[in-house]
Every structure is written in structure tokens, then in C-alpha cells.
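Have a look at entry_1.pdb below; it lists PDB, C-alpha atoms.
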```pdb
ATOM      1  CA  GLU A   1      24.647 148.079 178.062  1.00  0.00           C
ATOM      2  CA  GLU A   2      25.620 146.243 181.268  1.00  0.00           C
ATOM      3  CA  LYS A   3      28.149 144.223 179.299  1.00  0.00           C
ATOM      4  CA  LYS A   4      29.688 147.421 177.896  1.00  0.00           C
ATOM      5  CA  ARG A   5      29.975 148.839 181.417  1.00  0.00           C
ATOM      6  CA  GLY A   6      31.615 145.626 182.646  1.00  0.00           C
ATOM      7  CA  GLU A   7      28.755 144.900 185.037  1.00  0.00           C
ATOM      8  CA  LEU A   8      27.665 141.680 183.385  1.00  0.00           C
ATOM      9  CA  SER A   9      29.754 138.957 181.782  1.00  0.00           C
ATOM     10  CA  PHE A  10      26.986 136.657 180.587  1.00  0.00           C
ATOM     11  CA  LEU A  11      23.240 136.659 180.300  1.00  0.00           C
ATOM     12  CA  PHE A  12      21.457 133.516 179.167  1.00  0.00           C
ATOM     13  CA  LEU A  13      17.974 133.629 177.728  1.00  0.00           C
ATOM     14  CA  GLU A  14      16.054 130.396 177.292  1.00  0.00           C
ATOM     15  CA  ALA A  15      13.029 130.379 175.055  1.00  0.00           C
ATOM     16  CA  ALA A  16      11.349 127.923 172.737  1.00  0.00           C
ATOM     17  CA  LEU A  17      11.114 130.164 169.663  1.00  0.00           C
ATOM     18  CA  LEU A  18      14.389 132.095 169.611  1.00  0.00           C
ATOM     19  CA  ILE A  19      14.987 131.554 165.902  1.00  0.00           C
ATOM     20  CA  GLU A  20      11.371 132.017 164.826  1.00  0.00           C
ATOM     21  CA  ASP A  21      11.049 135.244 166.803  1.00  0.00           C
ATOM     22  CA  GLY A  22      14.253 136.772 165.406  1.00  0.00           C
ATOM     23  CA  TYR A  23      16.384 136.821 168.540  1.00  0.00           C
ATOM     24  CA  GLU A  24      19.488 136.632 166.338  1.00  0.00           C
ATOM     25  CA  ARG A  25      19.115 140.389 165.935  1.00  0.00           C
ATOM     26  CA  ILE A  26      19.506 141.080 169.660  1.00  0.00           C
ATOM     27  CA  VAL A  27      21.841 138.418 171.064  1.00  0.00           C
ATOM     28  CA  ASP A  28      25.587 137.923 170.664  1.00  0.00           C
ATOM     29  CA  GLU A  29      25.319 134.156 170.184  1.00  0.00           C
ATOM     30  CA  MET A  30      22.639 131.553 169.721  1.00  0.00           C
ATOM     31  CA  TRP A  31      23.263 128.224 171.443  1.00  0.00           C
ATOM     32  CA  TYR A  32      21.513 124.996 170.540  1.00  0.00           C
ATOM     33  CA  ILE A  33      21.013 122.534 173.365  1.00  0.00           C
ATOM     34  CA  HIS A  34      20.742 119.329 171.362  1.00  0.00           C
ATOM     35  CA  THR A  35      19.301 116.099 172.679  1.00  0.00           C
ATOM     36  CA  ASP A  36      18.929 112.900 170.690  1.00  0.00           C
ATOM     37  CA  GLU A  37      15.317 112.227 169.754  1.00  0.00           C
ATOM     38  CA  ALA A  38      15.145 108.971 171.712  1.00  0.00           C
ATOM     39  CA  VAL A  39      16.365 110.759 174.845  1.00  0.00           C
ATOM     40  CA  ARG A  40      13.889 113.635 174.336  1.00  0.00           C
ATOM     41  CA  ARG A  41      11.043 111.166 173.986  1.00  0.00           C
ATOM     42  CA  LYS A  42      12.064 109.285 177.115  1.00  0.00           C
ATOM     43  CA  ARG A  43      12.366 112.505 179.124  1.00  0.00           C
ATOM     44  CA  LEU A  44       9.004 113.873 177.940  1.00  0.00           C
ATOM     45  CA  LYS A  45       7.281 110.633 178.881  1.00  0.00           C
ATOM     46  CA  ALA A  46       8.945 110.526 182.299  1.00  0.00           C
ATOM     47  CA  SER A  47       8.649 114.199 183.247  1.00  0.00           C
ATOM     48  CA  ARG A  48       5.318 115.141 181.654  1.00  0.00           C
ATOM     49  CA  GLY A  49       3.597 111.845 180.991  1.00  0.00           C
ATOM     50  CA  TYR A  50       3.216 112.605 177.280  1.00  0.00           C
ATOM     51  CA  THR A  51       2.042 109.923 174.876  1.00  0.00           C
ATOM     52  CA  ASP A  52       3.881 109.046 171.684  1.00  0.00           C
ATOM     53  CA  ALA A  53       1.170 110.852 169.709  1.00  0.00           C
ATOM     54  CA  LYS A  54       1.602 114.038 171.768  1.00  0.00           C
ATOM     55  CA  ILE A  55       5.389 113.886 171.366  1.00  0.00           C
ATOM     56  CA  ASP A  56       5.028 113.306 167.608  1.00  0.00           C
ATOM     57  CA  ALA A  57       2.788 116.370 167.332  1.00  0.00           C
ATOM     58  CA  ILE A  58       5.256 118.525 169.272  1.00  0.00           C
ATOM     59  CA  MET A  59       8.220 117.394 167.211  1.00  0.00           C
ATOM     60  CA  GLN A  60       6.413 117.944 163.908  1.00  0.00           C
ATOM     61  CA  GLU A  61       5.896 121.598 164.847  1.00  0.00           C
ATOM     62  CA  GLN A  62       9.566 122.204 165.673  1.00  0.00           C
ATOM     63  CA  LEU A  63      12.231 123.464 163.312  1.00  0.00           C
ATOM     64  CA  SER A  64      14.533 120.864 161.837  1.00  0.00           C
ATOM     65  CA  GLU A  65      17.858 120.115 163.480  1.00  0.00           C
ATOM     66  CA  ASP A  66      19.527 121.555 160.372  1.00  0.00           C
ATOM     67  CA  ALA A  67      17.827 124.896 161.044  1.00  0.00           C
ATOM     68  CA  PHE A  68      19.218 124.964 164.573  1.00  0.00           C
ATOM     69  CA  TYR A  69      22.699 124.099 163.326  1.00  0.00           C
ATOM     70  CA  ARG A  70      22.506 126.889 160.711  1.00  0.00           C
ATOM     71  CA  HIS A  71      21.389 129.558 163.182  1.00  0.00           C
ATOM     72  CA  CYS A  72      23.370 128.624 166.278  1.00  0.00           C
ATOM     73  CA  SER A  73      27.078 129.160 166.790  1.00  0.00           C
ATOM     74  CA  VAL A  74      27.369 126.785 169.755  1.00  0.00           C
ATOM     75  CA  VAL A  75      25.930 123.292 170.150  1.00  0.00           C
ATOM     76  CA  ILE A  76      25.737 121.688 173.587  1.00  0.00           C
ATOM     77  CA  ASP A  77      24.975 117.950 173.718  1.00  0.00           C
ATOM     78  CA  ASN A  78      22.316 117.284 176.341  1.00  0.00           C
ATOM     79  CA  SER A  79      21.903 113.578 175.582  1.00  0.00           C
ATOM     80  CA  LYS A  80      24.088 112.340 178.415  1.00  0.00           C
ATOM     81  CA  THR A  81      24.521 113.401 182.028  1.00  0.00           C
ATOM     82  CA  LEU A  82      24.045 116.825 183.547  1.00  0.00           C
ATOM     83  CA  GLU A  83      27.754 116.814 184.428  1.00  0.00           C
ATOM     84  CA  HIS A  84      28.544 116.339 180.718  1.00  0.00           C
ATOM     85  CA  VAL A  85      26.423 119.407 179.914  1.00  0.00           C
ATOM     86  CA  TYR A  86      28.141 121.452 182.639  1.00  0.00           C
ATOM     87  CA  ARG A  87      31.597 120.542 181.285  1.00  0.00           C
ATOM     88  CA  GLN A  88      30.653 121.687 177.786  1.00  0.00           C
ATOM     89  CA  ILE A  89      29.283 124.992 179.072  1.00  0.00           C
ATOM     90  CA  ASP A  90      32.354 125.560 181.253  1.00  0.00           C
ATOM     91  CA  GLU A  91      34.602 124.867 178.267  1.00  0.00           C
ATOM     92  CA  LYS A  92      32.692 127.304 176.067  1.00  0.00           C
ATOM     93  CA  LEU A  93      32.590 130.023 178.695  1.00  0.00           C
ATOM     94  CA  GLY A  94      36.269 129.455 179.386  1.00  0.00           C
ATOM     95  CA  GLU A  95      37.003 130.031 175.720  1.00  0.00           C
ATOM     96  CA  ASP A  96      35.012 133.242 175.825  1.00  0.00           C
ATOM     97  CA  LEU A  97      36.730 134.392 178.994  1.00  0.00           C
ATOM     98  CA  CYS A  98      40.184 133.683 177.550  1.00  0.00           C
ATOM     99  CA  GLN A  99      39.343 135.566 174.344  1.00  0.00           C
ATOM    100  CA  ARG A 100      38.013 138.515 176.342  1.00  0.00           C
ATOM    101  CA  ARG A 101      41.245 138.678 178.354  1.00  0.00           C
ATOM    102  CA  ARG A 102      43.302 138.618 175.145  1.00  0.00           C
ATOM    103  CA  ASN A 103      41.200 141.428 173.640  1.00  0.00           C
ATOM    104  CA  ILE A 104      41.649 143.573 176.751  1.00  0.00           C
ATOM    105  CA  ARG A 105      45.375 142.905 176.813  1.00  0.00           C
ATOM    106  CA  ASP A 106      45.769 143.711 173.096  1.00  0.00           C
ATOM    107  CA  ASN A 107      43.895 147.031 173.290  1.00  0.00           C
TER     108      ASN A 107
END
```
Please lay out the structure from this file as C-alpha cells.
Amino acid sequence: EEKKRGELSFLFLEAALLIEDGYERIVDEMWYIHTDEAVRRKRLKASRGYTDAKIDAIMQEQLSEDAFYRHCSVVIDNSKTLEHVYRQIDEKLGEDLCQRRRNIRDN
């Protein structure tokens, strides 16, 4: 409703089970923030102190990468630097902003 009124351009919702809980029915786009498995493992060990066994158990419970690719219209690579992630998001939002301007102009 805020988007329709022009009060809100973007709203991002981060959650672990977006696909499993059917968020596709209520959001405009699903984005997949992808990180290579080796990088995920390294980050989980460093930030949370998880063991390999704990990480294996977590990953076994997650959907496959193919499932994320099938359900998500945008993929952001989070395997490199934070600046790399920011550039990808800026590029995607810039595309959206340009398309929105064209739609307004054409109507």
C-alpha cells in the first residue's frame, strides 16, 4: 500500500525460510544472496565458532542451490567483499529505478 501511494520505494525482508514459508505470494521479488560453500563455512567458524559437524548439519537442512535459483529472480554474490555486494545491489536497484521512471513517463 505504501508503494502504491509513493511513500516507499523499497522494503527488504530478510528471513531464513522465505521460500519454505511461501513469501513468493506476498513479495514482488525474491533475491538470493549466494555465498560459495567454502566461504560460508569459513564465516560460520569465525563468527559463531561452529564445528564442521554443526555446519554440515545446518547445510543438510537447507534447500538446494537449484531451489533458490528457481524461486529467486535476483542473485547477489556474497562470496567476495562487502563493497562487491553493495555494487551489485546498487546496480539492481538502479535498474529498478530506471524502469520505474520509464513506466511513469510512458503512462
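With atom CA of A:His34 on one side and atom CA of A:Lys92 on the other, the separation reads 15.1 Å.
Take atom CA of A:Leu63 and atom CA of A:Arg41: the distance between them is 16.3 Å.
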Requested in this report: On this file, the PyMOL selection byres ((chain A and resi 40) around 12) gives some set of residues; write that set as a list in words.
Outcome: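 Answer for the PyMOL selection byres ((chain A and resi 40) around 12): Ile33, His34, Thr35, Asp36, Glu37, Ala38, Val39, Arg41, Lys42, Arg43, Leu44, Lys45, Ala46, Ser47, Arg48, Tyr50, Asp52, Ile55, Asp56, Ile58, Met59, Asp77, Asn78, Ser79 and Lys80 of chain A.
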Task: Point-to-point distance in Å for atom CA of A:Leu11 and atom CA of A:Arg25 - done: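 Those two atoms sit 15.4 Å apart.
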Apply the PyMOL selection byres ((chain A and resi 20) around 12) to the displayed file and report the matching residues as an MDAnalysis selection string. chainID A and resid 15:19 21:25 61:64 67:68 71
Now that the selection is made, can you save its residues with C-alpha atoms as a compact mmCIF listing (two decimals), keeping the file's coordinate frame?
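In the end it all went to result_19.txt:
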```
# COMPACT_ATOMS: atom_id res chain seq x y z
CA ALA A 15 13.03 130.38 175.06
CA ALA A 16 11.35 127.92 172.74
CA LEU A 17 11.11 130.16 169.66
CA LEU A 18 14.39 132.10 169.61
CA ILE A 19 14.99 131.55 165.90
CA ASP A 21 11.05 135.24 166.80
CA GLY A 22 14.25 136.77 165.41
CA TYR A 23 16.38 136.82 168.54
CA GLU A 24 19.49 136.63 166.34
CA ARG A 25 19.11 140.39 165.94
CA GLU A 61 5.90 121.60 164.85
CA GLN A 62 9.57 122.20 165.67
CA LEU A 63 12.23 123.46 163.31
CA SER A 64 14.53 120.86 161.84
CA ALA A 67 17.83 124.90 161.04
CA PHE A 68 19.22 124.96 164.57
CA HIS A 71 21.39 129.56 163.18
```
Could you add whatever atoms are missing so that stretch 71-84 of chain A carries N, CA, C and O atoms, then write the result as a compact mmCIF listing (two decimals), keeping the file's coordinate frame?
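What follows is the written file part15.txt:
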```
# COMPACT_ATOMS: atom_id res chain seq x y z
N HIS A 71 21.59 128.29 162.46
CA HIS A 71 21.39 129.56 163.18
C HIS A 71 22.21 129.69 164.46
O HIS A 71 22.35 130.80 164.98
N CYS A 72 22.70 128.59 164.97
CA CYS A 72 23.37 128.62 166.28
C CYS A 72 24.87 128.44 166.13
O CYS A 72 25.33 127.58 165.39
N SER A 73 25.61 129.23 166.87
CA SER A 73 27.08 129.16 166.79
C SER A 73 27.67 128.16 167.77
O SER A 73 28.83 127.78 167.62
N VAL A 74 26.90 127.74 168.75
CA VAL A 74 27.37 126.78 169.76
C VAL A 74 26.33 125.67 169.88
O VAL A 74 25.13 125.94 169.91
N VAL A 75 26.81 124.44 169.93
CA VAL A 75 25.93 123.29 170.15
C VAL A 75 26.40 122.58 171.41
O VAL A 75 27.57 122.22 171.53
N ILE A 76 25.48 122.41 172.34
CA ILE A 76 25.74 121.69 173.59
C ILE A 76 24.95 120.38 173.51
O ILE A 76 23.75 120.38 173.24
N ASP A 77 25.62 119.26 173.74
CA ASP A 77 24.98 117.95 173.72
C ASP A 77 24.37 117.67 175.09
O ASP A 77 25.07 117.58 176.09
N ASN A 78 23.05 117.54 175.11
CA ASN A 78 22.32 117.28 176.34
C ASN A 78 21.74 115.87 176.35
O ASN A 78 20.71 115.61 176.94
N SER A 79 22.41 114.95 175.67
CA SER A 79 21.90 113.58 175.58
C SER A 79 22.45 112.68 176.67
O SER A 79 22.00 111.55 176.83
N LYS A 80 23.44 113.17 177.40
CA LYS A 80 24.09 112.34 178.42
C LYS A 80 23.75 112.88 179.80
O LYS A 80 22.63 113.23 180.07
N THR A 81 24.75 112.97 180.65
CA THR A 81 24.52 113.40 182.03
C THR A 81 24.56 114.92 182.16
O THR A 81 25.09 115.63 181.30
N LEU A 82 24.01 115.40 183.25
CA LEU A 82 24.04 116.82 183.55
C LEU A 82 25.50 117.30 183.70
O LEU A 82 25.85 118.40 183.26
N GLU A 83 26.34 116.46 184.28
CA GLU A 83 27.75 116.81 184.43
C GLU A 83 28.41 117.02 183.06
O GLU A 83 29.23 117.91 182.89
N HIS A 84 28.03 116.20 182.09
CA HIS A 84 28.54 116.34 180.72
C HIS A 84 28.13 117.70 180.14
O HIS A 84 28.94 118.38 179.49
```
